[in-house]
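In what follows, a single structure is set out as structure tokens and then discussed.
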Amino acid sequence: MQKIEDTDTDKDVILGHLTTMIDSNYDELMMCMTKIQDTDTYLIQAGLQSNYGRKRIKSAQELYLQGPIQIVNKTKKKKKLETIIDTIQSLKSIKDLHKSMMSNLNVGDLGQAAHLAMNVLECLKRQNFDKFHAMKGIGSSMQRTILSLRRKSDKALKRLCERKFTSLEYDSVVKAYLTLDQIEKTFKIKNVEPGYSEDGIFFDTAGCIDGLAQRIGRFQLEDVEQCLHTSVVEHIYLDEQKKHRSAMESAGHRRPSIQVDVSDLDEVPLTILLRRLSAEQLPLCIVRACELLAEIVHTHYCISQWHRAPFDTRNHEAHFLHRPPADGELSFNGHDAVGQESDEDDDEVEVFTSDVLGHAAAHVPGPHLMTFDPTSSRFSSTKLAIAQLSIMQSRATLWEELLRGLISLLRATNFSSDIKLDDFVCMAWALRVMVLLGKEYCDSDSASLIACLEEKSEEYFRNFHLENFQVVRMMIDAEMWNHIPVQLQGKGAILGSIRQSFGARKVDAAQERRSLSKAPRSDESLEGQGTPSSNGVADDASSSVLSSFSVSGNPLKFIMRTDVGDATIERMSSLDEAEEVGAAVSTPRFVRQALQMWDNDGDDEEESNAQKSRRQRDADRSSYLITQTSFNGLGKSLSKYMQMMQLIPSAASEIFDSLCELLDFYLCAVFFGFVPLEERGKFFGTPNKMTSAAPDHRRDYEILKDYVSRAFSETVHVPKGQADGALGEDLGETSDHTSNHSGRHPTAPHDTTKVFNLLKVPSVVHESTADSCFALNQRIVAAESCWFVAQMLLEAKTVLQRLLPDKLQDKCATYASDFSLVIGQLRALLYKINGPLLIDYAKMLTMIVDCGWESKKLTQDHHHWVDDLIDHCKDVWDYMMLTDQFAEASSLVREQVWMELCSAAFDVTLEGYSRVKKCTPEGRAGMIMDVFALHDGLNSIHLCRCPRGKHYVDSYLQAFCLNEEDLMVWIQENYQTYAYRHIVGMLNQTLSSMLNNKKLRDAVAVIDQLYEIDEKEQGSNGSASFNKFSNMLSTRFMEDGKISNLIAGKFRK
């Protein structure tokens, strides 16, 4: 082939050379032409053969290359198919991501949904998927998805802020917020629509994390209003339930089906709802509001605690979430949490973005999933630290809104006496817990709430005291004055009974107030709280109220009771630990604090040994004689008033004065009811020598007289129209003393009147006869019940002093001491006046005087009046020993009655002897015989040990046997133990036969002066009185000084 090609190349050269040669050698040329033609023909033939060879070669070459070409083509096709398969798989994966994102979005796993959304958006940015129509649909829906994700995150945050906080859900919400912020920064996709709202929720346009604190505050402020509204609606519903139940029961339905529709109240403003709420339900409504508002505070507290260690797995543990704050704690996840947002954050985002884009540009067939972790990013930590500071700063605003709501409830109505004390105590306790909560939560003193509570507490107390005073008055009017069987020894004596009343709280009120079937409430609790216990607030004074949520739940929750048709469902909450429904609710903190005062009462170092001995003696007594009024009226009032003193320190003095008013009224009622009118006239009347007692006993009841006179003249408040008309000034005097509550009046309609106008004589006294020993049992029970009241006050004195301000503690001690002394005198007076009634004093006195003492015949036996008097005493003793009415009375009571009965017997004997006009020596001997016979007769019934008995009367009779000088000396030595009329009677019987009338008048004048001196100089020096009396005697009787010397010698001896 090469040769042929070379030949072809030189053909022209050869032809030219040939032409020349032809021209020169034509012939030869022609010959050569011929040869050339031949050669050309040959060459043509050779060319044809060459072309054919080429074709054959080419054909062979094509045949040779056909296999490799097919291999290459198939290889290219395979690669294209593999790329298509990978793309299809990537599309499917992206769709799966999108589907998983939507699924997580629907189930509420917002953090994971946001993470998947970020990966879907990154995949959609790659050019590989730009031409796929399926991707265009996903891309257009992602904007809506991001908006939906932000709205759902806001809704989830709102739900968590509405007292349903859990760490897991809050983790998810915060992760979603951080991822959404990252999406907006990386992909420039907005996650909010300005002005958009849905289901009453306004979606703000602030950044997810930047506006977190503001969003939480807004949601919780809305929840505060909702909680107030809910609590009011619940109790309006409860009111409607009660009305409906009453209507159904009155119609004859024993088990009415209660279906009350209150749906129309959902949109009613709170101010209008409060007008429909009854005063009786208001305290329980406030307790319920406190319960819900405390949950709001606890929720906000948990959120701020979560931000101390964001995304820490220990946040799911309640004790970790409620840990106390550490001093100077400013960091999260090892980084400085404050002021550290720098350019490094932007660099980190840029590095992250470029790395993702570079990785996406690489030839990797599948979708690239981003590895953004919001829990470890420095950018996230800084944002969360700033959010935590904003959340902490919003505490004060939230607390002020809570206070505003509680104060609006407190001022909704007047606190009348229709409100049960148990309910009011619960309300006050709940508000006190809220004050403690505010101090711990945001260091707020809650001064406005405390002031409003004190104002309303004082208002309630005045109305409560007005009603309680009327209740006690009605109890006294209805009192049968019989002993009620209360075994105080089993309850820890009097102290135990008061303590039990002080700590008691009926569960029925707590159950009844939760009789709600429709009203919404939160039953969710913090994870890991455990089983509720009985300690609503920890006993340790240093314990945290907020930390107690992790131990026992909300300390303000009570028993919840829900009626659903005919079924009743009850749930115990954190203040209740009972084995069965109906058990007593655990004692709130303030009650435990007050009861702790009782526990410390025995350790009072200032208590004297005498007081301890007296207390021990009283505790050893088997029983007291107690009336319904003294125990259920005054005893429970004492415990209630002490509760109020604990709850209302600002009004402790007024409450104590009101308590004193109740005790004084009971004292006055017993005095007025059981001291006969004649005795009251003598008691309060102007002293008269001929009716007054002996000097030694003249002042026995002086303190009682002054006290009762003042108490009778006290001005008290009574309900409108229940004050009796002004009675006569039977006291013989008026008093300028006014009520302890002057200037402080109850808000309920009322009148004012004096205590004396409210007193009545009991029907048992009016209707008493000799068969019942003139209501002896009732008289004794009345006297002993006063003693029980006095002992009750003494037992409570230490606690009362602790409840009063320091400057008023002495006032309490003085009152308790004075009241006990007055009660002692009243008790003695009531025992004393029983004697003359039981022995028929007037009849016996007439019999004694008319026995014919002027007879000169000496009788061999005592007079018949002695037997009558003994029979009277025996009847009384048998009545006390053989009747059931005195079964509960102790032997000391019987002994006291017997002693006063014997004293009355000898008193009437002495009185009768002193009134005898004329008596012979034989008659005097008969008197002495009667005295001894009387003593022996009384002793035969029961031992007679009265202080003014046989020897007292016998000494009086023996003085008649003295001469005039010795008689006057005896009078001077003994006049203080005998009444003036007795001494005058002695002089009339003795000296009238020895001296002329002038000397008798002089002797009486001396006695007059002697008793006057005693009255004027009761507390002066005895020798001065003696010298004046000696001089008077020496002048009137013995000018020679014989009697004076005799008297002086005996007196000084």
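Chains: A, B, ... in order of the structure tokens. Residues: from 1 per chain. Ligands: from 1, in order shown.
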Spatial neighbours of stretch 802-813 of chain A, max dist 7 Å, only C-alpha atoms, sep filter under 3 positions, as a list in words: Met645, Gln646, Ala652, Ser653, Lys797, Thr798, Val799, Ala816 and Ser817 of chain A
Residue contacts of stretch 414-428 of chain A (6 Å, only C-alpha atoms) excluding same-chain residues fewer than 4 positions away, as a PyMOL selection string: chain A and resi 280+283+287+460+463-464
Near-stretch 432-448 of chain A list (10 Å; only C-alpha atoms; drop same-chain fewer than 2 positions) as JSON, numbers by chain: {"A": [290, 291, 293, 294, 297, 298, 300, 301, 392, 393, 394, 395, 396, 397, 398, 399, 400, 402, 403, 404, 406, 407, 426, 427, 428, 429, 430, 450, 451, 452, 453, 454, 537, 544, 545, 546, 555, 556, 588, 589, 590, 647]}
Top pick for closest residue to A:His465, considering A:Leu910, A:Leu410, A:Val551, A:Met644 and counting only C-alpha atoms: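 For A:His465, the nearest of the candidates is A:Met644.
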Proximity to A:Ala790 - best of A:Leu758, A:Leu634, A:Ile848, A:Ile36, only C-alpha atoms: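 Comparing A:Leu758, A:Leu634, A:Ile848, A:Ile36 against A:Ala790, the winner is A:Leu634.
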Nearby residues (only C-alpha atoms) at most 7 Å from stretch 655-663 of chain A, same-chain spacing under 2 positions excluded, as a PyMOL selection string: chain A and resi 469+638+641+645+651-653+665-667+740
